[in-house]
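Participant: After the structure tokens below, expect a handful of questions from me.
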Amino acid sequence: MLARILAIAFNTYREAVRARLLLGLFFLGLATCVYSLIVAALSLHNEVRVVADLGSASLSLFGVIIAVVLGSTSLYRELELKTVFPVLSRPVRRWEYVLGKYLGAMITVKVFVAIETAAVLACLALETDQPQWKVGGVALLMLLILGTLLLRAKHSRDYVLIPWALALVTAMWLVAAPAGADRQMVLASAVLAIAEVTIVAAVATMFASFSSPVLTAVFTSLLFIIGRSSDTLAHIPRKVFGDTLATGCRVVARIVPNLHVYVPARPLLLGNVPGQPVVAYVGEAIVHAVLYAIVLLVVSALAFRKRDFA
């Protein structure tokens with residue numbers, strides 16, 4: 001069972017990393033890091049903060065976009081090209097197929113977020129006391145390692161990025177040591193972005209299991225917006241909007257996952273909020289995301305099981 005799920009997951013990942021749209025989003029994310037350096041140069045003694053804030057925001061934004069794109073198109077493309085039929089004709093259960101597609105999308109997003117996080121950390125290092133030659137030397141060394149691995153791994157080039165991305169983040173984390181608390185903020189934001197994408201990708205998978213790509217993208221985006229606004233919906237004043245609308249908004253806020261949890265205030269991520277450790281907060285957010293994702297994937301599997309491919 002596990003072997004079948006992983007085979008589907010890695011095949012989904014391989015197809016995703018070759019997509020031109022995702023490559024475009026990847027380079028757009030790198031361009032955002034460069035843009036943060038330009039904006040930081042225009043600020044007055046807030047260079048590190050500007051890079052950390054813009055970098056953290058871009059991690060969440062592009063992660064969600066990739067999750068919506070993959071969740072909306074992955075299952076539909078398999079149905080359109082009819083490649084799902086030979087897969088399901090083998091001893092592969094439908095829920096295994098859905099779970100494998102979801103895990104493949106998550107692997108893709110994690111690799112993307114890891115590389116983008118490394119880029120943000122590199123920009124942080126450049127804005128601190130770290131010598132430019134050291135940052136450039138580490139980046140060049142990691143690129144040489146990647147090139148060597150790509151040349152040697154002829155039949156598994158796409159999968160080389162997975163361990164390499166983790167190594168790249170670790171290397172840039174060490175290089176960005178002078179950034180101090182801002183380095184912690186970027187890493188915590190990256191983990192929270194992955195946790196948020198865990199829910200968003202599950203929502204997209206659920207809608208994709210019974211609807212078209214356009215509707216999946218629309219519904220997932222709407223739920224994402226509502227989830228980010230759930231705190232506001234839960235506290236709508238009754239005197240202004242009336243009891244009926246206020247009650248309805250509170251009900252929606254309780255049903256829809258509260259995605260505002262994954263974009264907390266800057267002081268919390270810096271560890272400046274008394275009684276609220278960053279590690280504990282991030283851990284609770286991860287548990288929250290995993291539980292929601294499990295429920296959504298169960299619904300996805302049930303809906304896909306009843307879907308008629310005729």
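Chain labels follow the order of the structure tokens: the first chain is A, the next B, and so on; residue numbering restarts at 1 in every chain, and ligands are counted from 1 in their shown order.
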Taking the DSSP assignment computed from this structure's backbone, write out as number ranges by chain all residues of region 14-104 of chain A that belong to alpha helix (DSSP H).
Facilitator: A: 14-17, 20-42, 47-80, 84-88, 94-104
Participant: Using only C-alpha atoms, which residues sit within 10 Å of Leu22 (chain A) once same-chain residues fewer than 3 positions away are excluded, as a ChimeraX atom specification?
Facilitator: /A:16-19,25-28,62,65-66,69-70,108-109,112
Participant: Restricting it to C-alpha atoms, dump the selection as a PDB file, in the first residue's frame.
Facilitator:
ATOM      1  CA  ALA A  16       4.998  19.120 -11.418  1.00  0.00           C
ATOM      2  CA  VAL A  17       8.652  20.194 -11.378  1.00  0.00           C
ATOM      3  CA  ARG A  18       8.713  19.994 -15.175  1.00  0.00           C
ATOM      4  CA  ALA A  19       5.696  22.277 -15.600  1.00  0.00           C
ATOM      5  CA  LEU A  25       6.407  30.997 -10.278  1.00  0.00           C
ATOM      6  CA  PHE A  26       9.767  29.828  -8.987  1.00  0.00           C
ATOM      7  CA  PHE A  27      11.674  32.529 -10.834  1.00  0.00           C
ATOM      8  CA  LEU A  28       9.049  35.075  -9.820  1.00  0.00           C
ATOM      9  CA  PHE A  62       3.652  31.624  -3.724  1.00  0.00           C
ATOM     10  CA  ILE A  65      -0.625  29.743  -5.446  1.00  0.00           C
ATOM     11  CA  ILE A  66       1.300  26.558  -6.253  1.00  0.00           C
ATOM     12  CA  VAL A  69      -2.567  25.306  -9.277  1.00  0.00           C
ATOM     13  CA  LEU A  70      -1.470  21.743  -8.562  1.00  0.00           C
ATOM     14  CA  THR A 108       6.580  19.940  -4.730  1.00  0.00           C
ATOM     15  CA  VAL A 109       5.512  22.811  -2.488  1.00  0.00           C
ATOM     16  CA  PHE A 112       9.752  25.227  -3.611  1.00  0.00           C
TER      17      PHE A 112
END
Participant: Can you build me a table of region 244-309 of chain A residues sitting at most 12 Å from region 29-53 of chain A, with the closest atom pair per residue and its distance in Å to one decimal, using only C-alpha atoms, sorted by chain and residue number, as a Markdown table?
Facilitator:
| residue | atom | partner | partner_atom | distance |
| --- | --- | --- | --- | --- |
| A:Val263 | CA | A:Asp53 | CA | 11.2 |
| A:Pro264 | CA | A:Asp53 | CA | 11.9 |
| A:Ala265 | CA | A:Asp53 | CA | 10.7 |
| A:Arg266 | CA | A:Asp53 | CA | 8.3 |
| A:Pro267 | CA | A:Asp53 | CA | 11.8 |
| A:Leu269 | CA | A:Asp53 | CA | 11.0 |
| A:Leu270 | CA | A:Ala52 | CA | 11.0 |
Participant: Neighbours of Val256 (chain A) within 9 Å (only C-alpha atoms; same-chain residues fewer than 2 positions away dropped), as a PyMOL selection string?
Facilitator: chain A and resi 223-224+226-227+230+251-254+258-259
Participant: Store the residues of this selection in a file with C-alpha atoms, as a CSV table (one decimal), in the first residue's frame.
Facilitator:
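Saved to part-v1.csv:
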chain,number,residue,atom,x,y,z
A,223,LEU,CA,-12.1,29.4,1.1
A,224,PHE,CA,-8.5,30.7,1.4
A,226,ILE,CA,-12.5,33.4,4.0
A,227,GLY,CA,-10.0,31.4,6.1
A,230,SER,CA,-12.0,34.2,9.8
A,251,VAL,CA,-20.8,29.9,12.0
A,252,VAL,CA,-18.7,30.2,8.8
A,253,ALA,CA,-15.7,31.2,10.9
A,254,ARG,CA,-16.0,28.1,13.0
A,258,ASN,CA,-8.7,29.7,10.5
A,259,LEU,CA,-5.8,30.4,8.2
Participant: List the spatial neighbours of Asn11 (chain A) as a ChimeraX atom specification - criterion: any atom at most 8 Å away, only C-alpha atoms, same-chain residues fewer than 4 positions off excluded.
Facilitator: /A:7,15,104
Participant: Name the residues in contact with region 169-181 of chain A at a cut-off of 12 Å, using only C-alpha atoms, excluding same-chain residues fewer than 5 positions from it; report them as a VMD selection string.
Facilitator: chain A and resid 47 to 49 51 to 52 110 to 143 161 to 164 186 to 188 190 266 to 272 278
Participant: Counting only C-alpha atoms, figure out which residue out of A:Val298, A:Val191, A:Leu2, A:Ile107 gets nearest to Arg14 (chain A).
Facilitator: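 Comparing A:Val298, A:Val191, A:Leu2, A:Ile107 against Arg14 (chain A), the winner is A:Ile107.
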Participant: Between CA of Ala202 (chain A) and CA of Gly71 (chain A), what is the distance, to one decimal in Å?
Facilitator: 7.9 Å
